[in-house]
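Printed here is start-v2.cif (mmCIF, C-alpha atoms and all ligand atoms):
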```cif
data_upload
loop_
_atom_site.group_PDB
_atom_site.id
_atom_site.type_symbol
_atom_site.label_atom_id
_atom_site.label_comp_id
_atom_site.auth_asym_id
_atom_site.auth_seq_id
_atom_site.Cartn_x
_atom_site.Cartn_y
_atom_site.Cartn_z
ATOM 1 C CA MET J 1142 0.000 0.000 0.000
ATOM 2 C CA SER J 1143 1.231 3.524 -0.712
ATOM 3 C CA LYS J 1144 1.308 5.976 2.216
ATOM 4 C CA LYS J 1145 -2.168 7.175 3.170
ATOM 5 C CA VAL J 1146 -3.721 9.429 5.798
ATOM 6 C CA PHE J 1147 -6.194 7.787 8.176
ATOM 7 C CA LEU J 1148 -8.238 9.124 11.097
ATOM 8 C CA ILE J 1149 -8.990 6.902 14.085
ATOM 9 C CA THR J 1150 -11.347 7.994 16.848
ATOM 10 C CA GLY J 1151 -10.700 6.451 20.231
ATOM 11 C CA GLY J 1152 -7.135 6.057 19.063
ATOM 12 C CA SER J 1153 -5.477 6.442 22.472
ATOM 13 C CA SER J 1154 -6.581 3.109 23.939
ATOM 14 C CA GLY J 1155 -7.544 -0.484 23.236
ATOM 15 C CA ILE J 1156 -8.789 -1.388 19.767
ATOM 16 C CA GLY J 1157 -8.294 2.084 18.243
ATOM 17 C CA LEU J 1158 -4.724 2.252 19.536
ATOM 18 C CA ALA J 1159 -3.873 -1.230 18.197
ATOM 19 C CA ALA J 1160 -5.416 -0.365 14.817
ATOM 20 C CA GLY J 1161 -3.425 2.886 14.696
ATOM 21 C CA GLU J 1162 -0.213 1.050 15.470
ATOM 22 C CA ALA J 1163 -0.913 -1.585 12.787
ATOM 23 C CA LEU J 1164 -1.579 1.078 10.132
ATOM 24 C CA ALA J 1165 1.398 3.207 11.197
ATOM 25 C CA ASN J 1166 3.632 0.114 10.986
ATOM 26 C CA GLU J 1167 2.638 -0.114 7.309
ATOM 27 C CA GLY J 1168 3.946 3.433 6.812
ATOM 28 C CA HIS J 1169 0.654 5.325 6.903
ATOM 29 C CA HIS J 1170 0.040 8.646 8.649
ATOM 30 C CA VAL J 1171 -2.450 7.967 11.428
ATOM 31 C CA ILE J 1172 -4.300 10.803 13.148
ATOM 32 C CA SER J 1173 -5.374 9.387 16.473
ATOM 33 C CA MET J 1174 -8.188 11.289 18.141
ATOM 34 C CA SER J 1175 -9.478 11.140 21.723
ATOM 35 C CA ARG J 1176 -10.856 13.571 24.302
ATOM 36 C CA SER J 1177 -7.772 14.015 26.446
ATOM 37 C CA MET J 1178 -4.042 13.310 26.573
ATOM 38 C CA GLU J 1179 -4.332 11.172 29.724
ATOM 39 C CA LYS J 1180 -4.849 7.908 27.860
ATOM 40 C CA VAL J 1181 -2.214 8.899 25.296
ATOM 41 C CA GLU J 1182 0.283 9.310 28.150
ATOM 42 C CA ARG J 1183 -0.819 5.976 29.649
ATOM 43 C CA ALA J 1184 -0.340 4.277 26.280
ATOM 44 C CA ILE J 1185 3.125 5.770 25.734
ATOM 45 C CA LYS J 1186 4.151 4.785 29.276
ATOM 46 C CA GLU J 1187 3.121 1.177 28.571
ATOM 47 C CA GLN J 1188 4.518 1.157 25.000
ATOM 48 C CA PRO J 1189 7.288 3.801 24.684
ATOM 49 C CA GLU J 1190 7.794 2.800 21.022
ATOM 50 C CA LEU J 1191 4.466 4.539 20.221
ATOM 51 C CA ASN J 1192 6.012 7.963 20.888
ATOM 52 C CA GLY J 1193 6.151 9.832 17.587
ATOM 53 C CA LYS J 1194 4.479 6.983 15.681
ATOM 54 C CA LEU J 1195 0.928 8.358 15.836
ATOM 55 C CA ASP J 1196 -0.368 11.898 15.295
ATOM 56 C CA PHE J 1197 -2.370 12.352 18.528
ATOM 57 C CA ILE J 1198 -5.054 15.037 18.550
ATOM 58 C CA THR J 1199 -7.577 15.913 21.266
ATOM 59 C CA ALA J 1200 -11.203 16.174 20.165
ATOM 60 C CA ASP J 1201 -14.552 14.889 21.367
ATOM 61 C CA VAL J 1202 -16.430 13.015 18.637
ATOM 62 C CA SER J 1203 -19.767 14.036 20.153
ATOM 63 C CA LYS J 1204 -18.961 17.762 19.755
ATOM 64 C CA ARG J 1205 -19.539 19.377 16.400
ATOM 65 C CA GLU J 1206 -16.977 22.154 16.943
ATOM 66 C CA ASP J 1207 -14.303 19.562 17.801
ATOM 67 C CA ILE J 1208 -15.052 17.612 14.620
ATOM 68 C CA GLU J 1209 -14.787 20.835 12.633
ATOM 69 C CA LYS J 1210 -11.399 21.511 14.266
ATOM 70 C CA VAL J 1211 -10.146 18.083 13.166
ATOM 71 C CA HIS J 1212 -11.545 18.675 9.683
ATOM 72 C CA ARG J 1213 -9.638 21.977 9.419
ATOM 73 C CA TYR J 1214 -6.425 20.276 10.594
ATOM 74 C CA ILE J 1215 -6.662 17.475 8.002
ATOM 75 C CA ASP J 1216 -7.792 19.791 5.213
ATOM 76 C CA GLU J 1217 -4.950 22.275 5.753
ATOM 77 C CA LYS J 1218 -2.220 19.697 6.343
ATOM 78 C CA PHE J 1219 -3.168 16.922 3.868
ATOM 79 C CA GLY J 1220 -6.204 17.987 1.802
ATOM 80 C CA VAL J 1221 -7.391 14.378 1.577
ATOM 81 C CA LEU J 1222 -8.489 11.538 3.867
ATOM 82 C CA TYR J 1223 -8.229 7.853 2.898
ATOM 83 C CA GLY J 1224 -10.238 6.397 5.723
ATOM 84 C CA ILE J 1225 -11.861 6.631 9.134
ATOM 85 C CA VAL J 1226 -11.962 4.049 11.909
ATOM 86 C CA ASN J 1227 -14.786 4.958 14.280
ATOM 87 C CA SER J 1228 -13.555 3.254 17.441
ATOM 88 C CA ALA J 1229 -14.440 5.818 20.145
ATOM 89 C CA GLY J 1230 -17.074 4.249 22.342
ATOM 90 C CA VAL J 1231 -18.560 4.386 25.823
ATOM 91 C CA ILE J 1232 -20.701 1.932 27.773
ATOM 92 C CA ALA J 1233 -22.779 2.013 30.950
ATOM 93 C CA VAL J 1234 -24.574 -1.165 31.998
ATOM 94 C CA GLY J 1235 -28.341 -0.926 32.490
ATOM 95 C CA SER J 1236 -31.791 -2.109 31.422
ATOM 96 C CA LEU J 1237 -34.846 0.073 30.764
ATOM 97 C CA GLU J 1238 -35.529 0.466 34.474
ATOM 98 C CA THR J 1239 -31.960 1.142 35.555
ATOM 99 C CA VAL J 1240 -30.393 3.217 32.774
ATOM 100 C CA GLY J 1241 -30.242 6.961 33.383
ATOM 101 C CA ILE J 1242 -31.473 9.228 30.609
ATOM 102 C CA GLU J 1243 -28.114 11.057 30.638
ATOM 103 C CA ASP J 1244 -26.205 7.793 30.201
ATOM 104 C CA TRP J 1245 -28.530 6.795 27.360
ATOM 105 C CA GLN J 1246 -27.909 10.163 25.688
ATOM 106 C CA GLN J 1247 -24.136 9.940 26.093
ATOM 107 C CA MET J 1248 -23.989 6.481 24.497
ATOM 108 C CA MET J 1249 -26.107 7.695 21.570
ATOM 109 C CA ASP J 1250 -23.988 10.854 21.197
ATOM 110 C CA VAL J 1251 -20.590 9.118 21.243
ATOM 111 C CA ASN J 1252 -21.349 5.693 19.723
ATOM 112 C CA LEU J 1253 -23.830 6.711 17.029
ATOM 113 C CA THR J 1254 -24.243 10.444 16.391
ATOM 114 C CA GLY J 1255 -20.453 10.974 16.591
ATOM 115 C CA PRO J 1256 -19.647 8.647 13.653
ATOM 116 C CA PHE J 1257 -22.551 10.148 11.670
ATOM 117 C CA MET J 1258 -21.320 13.738 12.217
ATOM 118 C CA LEU J 1259 -17.718 12.779 11.560
ATOM 119 C CA VAL J 1260 -18.405 11.081 8.231
ATOM 120 C CA LYS J 1261 -20.747 13.910 7.174
ATOM 121 C CA THR J 1262 -18.067 16.526 7.928
ATOM 122 C CA MET J 1263 -15.175 14.577 6.372
ATOM 123 C CA LEU J 1264 -17.059 13.545 3.218
ATOM 124 C CA PRO J 1265 -15.412 16.088 0.860
ATOM 125 C CA LEU J 1266 -11.947 14.918 2.018
ATOM 126 C CA LEU J 1267 -12.944 11.237 1.729
ATOM 127 C CA ARG J 1268 -14.278 11.761 -1.797
ATOM 128 C CA LYS J 1269 -10.915 13.186 -2.869
ATOM 129 C CA ALA J 1270 -9.245 9.871 -1.977
ATOM 130 C CA ASN J 1271 -11.199 8.014 -4.697
ATOM 131 C CA GLY J 1272 -11.128 4.751 -2.766
ATOM 132 C CA ALA J 1273 -11.645 5.604 0.895
ATOM 133 C CA SER J 1274 -12.704 3.110 3.535
ATOM 134 C CA ILE J 1275 -14.720 3.612 6.720
ATOM 135 C CA VAL J 1276 -14.753 1.007 9.479
ATOM 136 C CA ASN J 1277 -17.268 1.351 12.297
ATOM 137 C CA ILE J 1278 -16.318 -0.535 15.446
ATOM 138 C CA SER J 1279 -19.662 -1.861 16.528
ATOM 139 C CA SER J 1280 -20.189 -4.815 18.888
ATOM 140 C CA ILE J 1281 -21.885 -8.177 19.126
ATOM 141 C CA ALA J 1282 -24.149 -6.229 21.516
ATOM 142 C CA GLY J 1283 -25.552 -4.583 18.399
ATOM 143 C CA LEU J 1284 -26.503 -7.992 16.994
ATOM 144 C CA ARG J 1285 -28.343 -9.262 20.073
ATOM 145 C CA PRO J 1286 -29.266 -7.703 23.446
ATOM 146 C CA GLY J 1287 -26.334 -7.396 25.845
ATOM 147 C CA THR J 1288 -25.839 -5.921 29.323
ATOM 148 C CA SER J 1289 -26.746 -2.354 28.342
ATOM 149 C CA ILE J 1290 -29.919 -1.299 26.544
ATOM 150 C CA ALA J 1291 -28.430 1.995 25.373
ATOM 151 C CA TYR J 1292 -25.145 0.458 24.219
ATOM 152 C CA SER J 1293 -26.952 -2.293 22.261
ATOM 153 C CA VAL J 1294 -29.329 0.159 20.621
ATOM 154 C CA SER J 1295 -26.475 2.557 19.761
ATOM 155 C CA LYS J 1296 -24.449 -0.253 18.165
ATOM 156 C CA ALA J 1297 -27.453 -1.636 16.262
ATOM 157 C CA GLY J 1298 -27.939 1.929 14.988
ATOM 158 C CA LEU J 1299 -24.263 2.090 14.032
ATOM 159 C CA ASP J 1300 -24.671 -1.121 11.994
ATOM 160 C CA MET J 1301 -27.579 0.461 10.120
ATOM 161 C CA LEU J 1302 -25.454 3.571 9.558
ATOM 162 C CA THR J 1303 -22.853 1.240 7.995
ATOM 163 C CA ARG J 1304 -25.425 -0.370 5.712
ATOM 164 C CA PHE J 1305 -27.043 2.931 4.730
ATOM 165 C CA LEU J 1306 -23.730 4.647 4.011
ATOM 166 C CA ALA J 1307 -22.448 1.674 1.994
ATOM 167 C CA GLY J 1308 -25.306 2.264 -0.438
ATOM 168 C CA ASP J 1309 -25.123 6.048 -0.211
ATOM 169 C CA LEU J 1310 -21.360 6.504 -0.611
ATOM 170 C CA GLY J 1311 -20.515 3.515 -2.842
ATOM 171 C CA PRO J 1312 -20.836 5.651 -6.006
ATOM 172 C CA TYR J 1313 -18.019 7.864 -4.596
ATOM 173 C CA ASN J 1314 -15.879 4.710 -4.269
ATOM 174 C CA ILE J 1315 -16.133 4.904 -0.471
ATOM 175 C CA ARG J 1316 -16.579 1.572 1.308
ATOM 176 C CA VAL J 1317 -18.228 1.301 4.723
ATOM 177 C CA ASN J 1318 -18.131 -1.773 6.970
ATOM 178 C CA SER J 1319 -18.827 -2.714 10.579
ATOM 179 C CA VAL J 1320 -16.570 -4.852 12.737
ATOM 180 C CA ASN J 1321 -18.482 -6.322 15.693
ATOM 181 C CA PRO J 1322 -16.095 -7.559 18.389
ATOM 182 C CA GLY J 1323 -16.943 -9.926 21.216
ATOM 183 C CA LEU J 1324 -15.232 -9.351 24.566
ATOM 184 C CA VAL J 1325 -11.733 -7.929 23.972
ATOM 185 C CA ARG J 1326 -9.190 -7.291 26.727
ATOM 186 C CA THR J 1327 -8.908 -3.473 26.922
ATOM 187 C CA ASN J 1328 -9.384 -0.797 29.591
ATOM 188 C CA ILE J 1329 -13.003 -0.088 28.577
ATOM 189 C CA HIS J 1330 -14.520 -1.951 31.535
ATOM 190 C CA PHE J 1331 -12.276 -0.173 34.081
ATOM 191 C CA ASP J 1332 -12.494 3.254 32.454
ATOM 192 C CA ASN J 1333 -16.312 3.058 32.308
ATOM 193 C CA ASN J 1334 -16.621 1.720 35.893
ATOM 194 C CA ILE J 1335 -18.140 -1.631 34.893
ATOM 195 C CA VAL J 1336 -15.530 -3.322 37.089
ATOM 196 C CA GLN J 1337 -13.510 -1.779 39.894
ATOM 197 C CA THR J 1338 -10.926 -4.448 40.680
ATOM 198 C CA LYS J 1339 -8.700 -6.843 38.757
ATOM 199 C CA GLU J 1340 -10.435 -9.763 40.488
ATOM 200 C CA GLN J 1341 -13.861 -8.613 39.230
ATOM 201 C CA TYR J 1342 -12.456 -8.214 35.751
ATOM 202 C CA GLU J 1343 -10.849 -11.666 35.678
ATOM 203 C CA GLU J 1344 -14.076 -13.215 36.991
ATOM 204 C CA MET J 1345 -16.018 -11.546 34.156
ATOM 205 C CA VAL J 1346 -13.412 -12.678 31.619
ATOM 206 C CA GLU J 1347 -13.473 -16.282 32.829
ATOM 207 C CA LYS J 1348 -17.277 -16.498 32.571
ATOM 208 C CA ALA J 1349 -17.144 -14.983 29.088
ATOM 209 C CA ARG J 1350 -14.243 -17.200 27.993
ATOM 210 C CA LEU J 1351 -16.218 -20.353 28.699
ATOM 211 C CA ARG J 1352 -19.093 -19.135 26.522
ATOM 212 C CA HIS J 1353 -16.823 -18.651 23.496
ATOM 213 C CA PRO J 1354 -16.530 -21.722 21.243
ATOM 214 C CA LEU J 1355 -12.813 -20.886 20.797
ATOM 215 C CA ARG J 1356 -12.472 -20.723 24.624
ATOM 216 C CA ARG J 1357 -10.647 -17.428 24.750
ATOM 217 C CA ILE J 1358 -11.620 -13.784 24.739
ATOM 218 C CA GLY J 1359 -10.262 -11.379 22.139
ATOM 219 C CA ARG J 1360 -6.977 -9.515 21.933
ATOM 220 C CA THR J 1361 -6.776 -6.038 20.408
ATOM 221 C CA ASP J 1362 -4.620 -7.501 17.603
ATOM 222 C CA ASP J 1363 -7.502 -9.827 16.623
ATOM 223 C CA ILE J 1364 -9.510 -6.718 15.794
ATOM 224 C CA ALA J 1365 -6.630 -4.582 14.461
ATOM 225 C CA SER J 1366 -5.833 -7.193 11.796
ATOM 226 C CA ILE J 1367 -9.307 -7.085 10.252
ATOM 227 C CA ILE J 1368 -9.336 -3.281 10.458
ATOM 228 C CA ARG J 1369 -6.014 -3.217 8.610
ATOM 229 C CA PHE J 1370 -7.494 -5.525 5.936
ATOM 230 C CA LEU J 1371 -10.661 -3.417 5.565
ATOM 231 C CA MET J 1372 -8.611 -0.213 5.241
ATOM 232 C CA SER J 1373 -6.502 -1.789 2.498
ATOM 233 C CA ASP J 1374 -7.199 -2.298 -1.204
ATOM 234 C CA GLU J 1375 -7.255 -6.057 -0.539
ATOM 235 C CA SER J 1376 -10.888 -5.570 0.528
ATOM 236 C CA SER J 1377 -11.835 -3.261 -2.345
ATOM 237 C CA TRP J 1378 -15.091 -5.135 -3.118
ATOM 238 C CA ILE J 1379 -16.313 -5.432 0.476
ATOM 239 C CA SER J 1380 -18.847 -2.833 1.551
ATOM 240 C CA GLY J 1381 -21.905 -2.876 3.799
ATOM 241 C CA ALA J 1382 -20.663 -5.947 5.675
ATOM 242 C CA ILE J 1383 -21.407 -6.447 9.369
ATOM 243 C CA ILE J 1384 -18.572 -8.690 10.535
ATOM 244 C CA PRO J 1385 -18.600 -10.405 13.945
ATOM 245 C CA VAL J 1386 -15.037 -10.962 15.194
ATOM 246 C CA ASP J 1387 -15.884 -12.756 18.363
ATOM 247 C CA GLY J 1388 -14.342 -16.215 18.785
ATOM 248 C CA GLY J 1389 -17.648 -17.645 17.544
ATOM 249 C CA VAL J 1390 -19.629 -16.471 20.575
ATOM 250 C CA THR J 1391 -22.631 -15.281 18.561
ATOM 251 C CA GLN J 1392 -22.977 -18.882 17.320
ATOM 252 C CA GLU J 1393 -22.900 -20.323 20.847
ATOM 253 C CA ASN J 1394 -25.200 -23.375 20.858
ATOM 254 C CA ASN J 1395 -26.708 -24.497 24.148
ATOM 255 C CA PHE J 1396 -28.411 -27.520 22.562
ATOM 256 C CA ILE J 1397 -25.337 -29.672 21.907
ATOM 257 C CA PRO J 1398 -23.211 -31.186 24.717
ATOM 258 C CA ARG J 1399 -19.980 -29.310 25.525
ATOM 259 C CA LYS J 1400 -16.734 -30.997 24.501
ATOM 260 C CA ASP J 1401 -14.847 -29.865 27.642
HETATM 261 N N1 LIG D 1 -13.333 -4.087 24.505
HETATM 262 C C1 LIG D 1 -14.411 -4.778 24.216
HETATM 263 O O1 LIG D 1 -14.697 -5.832 24.834
HETATM 264 C C2 LIG D 1 -15.319 -4.324 23.105
HETATM 265 C C3 LIG D 1 -16.258 -5.236 22.615
HETATM 266 C C4 LIG D 1 -17.111 -4.848 21.593
HETATM 267 C C5 LIG D 1 -17.015 -3.581 21.056
HETATM 268 N N2 LIG D 1 -16.104 -2.709 21.554
HETATM 269 C C6 LIG D 1 -16.077 -1.368 20.943
HETATM 270 O O2 LIG D 1 -14.784 -1.111 20.467
HETATM 271 C C7 LIG D 1 -14.511 0.290 20.526
HETATM 272 C C8 LIG D 1 -13.192 0.510 21.255
HETATM 273 O O3 LIG D 1 -13.317 -0.047 22.549
HETATM 274 P P1 LIG D 1 -12.050 -0.310 23.475
HETATM 275 O O4 LIG D 1 -12.349 -1.526 24.244
HETATM 276 O O5 LIG D 1 -10.813 -0.170 22.679
HETATM 277 O O6 LIG D 1 -12.231 0.927 24.484
HETATM 278 P P2 LIG D 1 -11.180 1.794 25.318
HETATM 279 O O7 LIG D 1 -9.920 1.047 25.534
HETATM 280 O O8 LIG D 1 -11.956 2.299 26.486
HETATM 281 O O9 LIG D 1 -10.895 3.002 24.320
HETATM 282 C C9 LIG D 1 -11.889 3.948 24.053
HETATM 283 C C10 LIG D 1 -11.257 5.111 23.343
HETATM 284 O O10 LIG D 1 -12.300 6.014 22.969
HETATM 285 C C11 LIG D 1 -11.921 7.334 23.377
HETATM 286 N N3 LIG D 1 -13.157 8.094 23.550
HETATM 287 C C12 LIG D 1 -14.177 7.859 24.402
HETATM 288 N N4 LIG D 1 -15.136 8.788 24.257
HETATM 289 C C13 LIG D 1 -14.708 9.619 23.269
HETATM 290 C C14 LIG D 1 -15.246 10.772 22.658
HETATM 291 N N5 LIG D 1 -16.426 11.292 23.048
HETATM 292 N N6 LIG D 1 -14.552 11.381 21.669
HETATM 293 C C15 LIG D 1 -13.353 10.898 21.277
HETATM 294 N N7 LIG D 1 -12.788 9.796 21.821
HETATM 295 C C16 LIG D 1 -13.462 9.177 22.806
HETATM 296 C C17 LIG D 1 -11.090 7.110 24.652
HETATM 297 O O11 LIG D 1 -10.225 8.184 24.991
HETATM 298 P P3 LIG D 1 -10.750 9.431 25.899
HETATM 299 O O12 LIG D 1 -11.498 8.843 27.058
HETATM 300 O O13 LIG D 1 -9.519 10.180 26.301
HETATM 301 O O14 LIG D 1 -11.627 10.224 25.010
HETATM 302 C C18 LIG D 1 -10.275 5.910 24.204
HETATM 303 O O15 LIG D 1 -9.218 6.325 23.363
HETATM 304 C C19 LIG D 1 -15.705 0.923 21.242
HETATM 305 O O16 LIG D 1 -16.554 1.497 20.293
HETATM 306 C C20 LIG D 1 -16.371 -0.244 21.922
HETATM 307 O O17 LIG D 1 -17.751 -0.040 22.072
HETATM 308 C C21 LIG D 1 -15.253 -3.047 22.557
#
```
Take the structure I supplied and represent it as structure tokens, if you would.
Amino acid sequence: MSKKVFLITGGSSGIGLAAGEALANEGHHVISMSRSMEKVERAIKEQPELNGKLDFITADVSKREDIEKVHRYIDEKFGVLYGIVNSAGVIAVGSLETVGIEDWQQMMDVNLTGPFMLVKTMLPLLRKANGASIVNISSIAGLRPGTSIAYSVSKAGLDMLTRFLAGDLGPYNIRVNSVNPGLVRTNIHFDNNIVQTKEQYEEMVEKARLRHPLRRIGRTDDIASIIRFLMSDESSWISGAIIPVDGGVTQENNFIPRKD
């Protein structure tokens, strides 16, 4: 692949960070966007080799003025954008009776309206690429109800955004796909207060692991590798796909005896 400019939201942690690293390792310029520098500093402390590898920028995907700031930056510096990975995401656990309206709104704003506003704003730059690719990081929670009503609904909405935009933007040679991970080891559960201790986290992981046919949960690299493929020309005829990357967990079958 020749050197391209990509934008990754949620690029300072977890899946977005791993995707940014994978694309930067191929020689691309990766603009890595998140709300603050705290997680960038955490990432560089854990992986000093990331320093200077990614173009970190602070912006909140749910704020229109922040998106416009990022647009101005890319327009002035590069004048073109070859792809977006929408990985910024937030989650708060809750059913209809327990979810707060503010939490519901935040999940919609960040997980769904953010990607919509971002693509809408960046469209002129994406069109100039003549072959851009957008990857929305959804979730298996968008394919079936999970632990959070708002998160599931936001991700199901994101999958429909993928399908709608694939039809809408295909004539501009822009591809749009969803990647729907199962449980992946990142900081999302700590940073969103779903677990407070390592013990709680490992207990959650162990329960989840046993439900996965492949008997392991995901690693960020499992997701980064498909993102890398979808951003490349190797996938130039794939658009509108909703792709579970989940160790087979969405095909879990309770009707056949377990083999272990
Ligand atoms: N890990 C899993 O098990 C899993 C499973 C299925 C789907 N997913 C999805 O995968 C995506 C990445 O998750 P992850 O596990 O990598 O999470 P993570 O480690 O918590 O990373 C989330 C990233 O999003 C950024 N972010 C959050 N709100 C933002 C906003 N309003 N504007 C810009 N950036 C924002 C965070 O930085 P700041 O806080 O500094 O902004 C951080 O860089 C999410 O969409 C998540 O829903 C994750």
Residues matched by the PyMOL selection byres (((not hetatm)) within 6 of (chain D and resi 1)) as a VMD selection string
chain J and resid 1150 to 1157 1175 to 1177 1180 1200 to 1203 1228 to 1231 1251 1278 to 1280 1322 to 1329
List every residue of region 1182-1276 of chain J that has an atom at most 12 Å from any atom of region 1335-1338 of chain J, and for each one report the closest atom pair and its distance in Å to one decimal, counting only C-alpha atoms, with rows sorted by chain and then by increasing residue number, as a Markdown table.
```
| residue | atom | partner | partner_atom | distance |
| --- | --- | --- | --- | --- |
| J:Val1231 | CA | J:Ile1335 | CA | 10.9 |
| J:Ile1232 | CA | J:Ile1335 | CA | 8.4 |
| J:Ala1233 | CA | J:Ile1335 | CA | 7.1 |
| J:Val1234 | CA | J:Ile1335 | CA | 7.1 |
| J:Gly1235 | CA | J:Ile1335 | CA | 10.5 |
```
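Residues surrounding Met1372 (chain J) within 6 Å are Ser1274, Arg1369 and Phe1370 of chain J [all atoms listed in the file; sequence separation below 2 positions excluded].
Using the PyMOL selection byres (((chain J and resi 1382) around 10) and not hetatm) on the file at hand returns these residues: Val1276, Asp1300, Thr1303, Arg1304, Ala1307, Arg1316, Val1317, Asn1318, Ser1319, Val1320, Ile1379, Ser1380, Gly1381, Ile1383, Ile1384 and Pro1385 of chain J.
Interatomic distance, CA of Gly1220 (chain J) to CA of Leu1299 (chain J): 27.0 Å.
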Pull out every residue that the PyMOL selection byres (((chain J and resi 1313) around 9) and not hetatm) matches in the shown coordinates and put them as a VMD selection string.
chain J and resid 1267 to 1268 1271 to 1273 1309 to 1312 1314 to 1316
Any chance you could export the current selection's C-alpha atoms as an mmCIF file, in the frame of the given file?
```
data_model
loop_
_atom_site.group_PDB
_atom_site.id
_atom_site.type_symbol
_atom_site.label_atom_id
_atom_site.label_comp_id
_atom_site.auth_asym_id
_atom_site.auth_seq_id
_atom_site.Cartn_x
_atom_site.Cartn_y
_atom_site.Cartn_z
ATOM 1 C CA LEU J 1267 -12.944 11.237 1.729
ATOM 2 C CA ARG J 1268 -14.278 11.761 -1.797
ATOM 3 C CA ASN J 1271 -11.199 8.014 -4.697
ATOM 4 C CA GLY J 1272 -11.128 4.751 -2.766
ATOM 5 C CA ALA J 1273 -11.645 5.604 0.895
ATOM 6 C CA ASP J 1309 -25.123 6.048 -0.211
ATOM 7 C CA LEU J 1310 -21.360 6.504 -0.611
ATOM 8 C CA GLY J 1311 -20.515 3.515 -2.842
ATOM 9 C CA PRO J 1312 -20.836 5.651 -6.006
ATOM 10 C CA ASN J 1314 -15.879 4.710 -4.269
ATOM 11 C CA ILE J 1315 -16.133 4.904 -0.471
ATOM 12 C CA ARG J 1316 -16.579 1.572 1.308
#
```
Using all atoms listed in the file, give me every residue within 10 Å of (-5.0, 6.4, 7.7) in file coordinates, as JSON, numbers by chain.
{"J": [1144, 1145, 1146, 1147, 1148, 1149, 1160, 1161, 1164, 1165, 1168, 1169, 1170, 1171, 1172, 1173, 1222, 1223, 1224, 1225, 1226, 1273, 1274, 1369, 1372, 1373]}
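Compared by their closest atoms to Asp1250 (chain J), and using only C-alpha atoms, the residues J:Ala1349, J:Val1294, J:Leu1158, J:Met1301 rank with J:Val1294 nearest.
We find CA of Asp1362 (chain J) and CA of Glu1167 (chain J) to be spaced 14.6 Å apart.
Interatomic distance, CA of Pro1398 (chain J) to CA of Gly1359 (chain J): 23.8 Å.
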Of the listed residues J:Ser1236, J:Ala1159, J:Asp1363, J:Asp1374, that which approaches Tyr1292 (chain J) most closely, counting only C-alpha atoms:
J:Ser1236
Tell me which of J:Phe1331, J:Leu1259, J:Val1240, J:Gln1247 sits closest to Ser1289 (chain J), counting all atoms listed in the file.
J:Val1240
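The closest residue to Ala1297 (chain J), picked from J:Leu1284, J:Leu1264, J:Ile1242, J:Val1221 and counting all atoms listed in the file, is J:Leu1284.
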Pick the closest to Glu1179 (chain J) from J:Asp1332, J:Thr1239, J:Asn1321, J:Ala1270: which is it, counting all atoms listed in the file?
J:Asp1332
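If you measure from each of J:Leu1302, J:Ala1282, J:Ala1163, J:Ile1290 to Met1258 (chain J) using only C-alpha atoms, the closest one turns out to be J:Leu1302.
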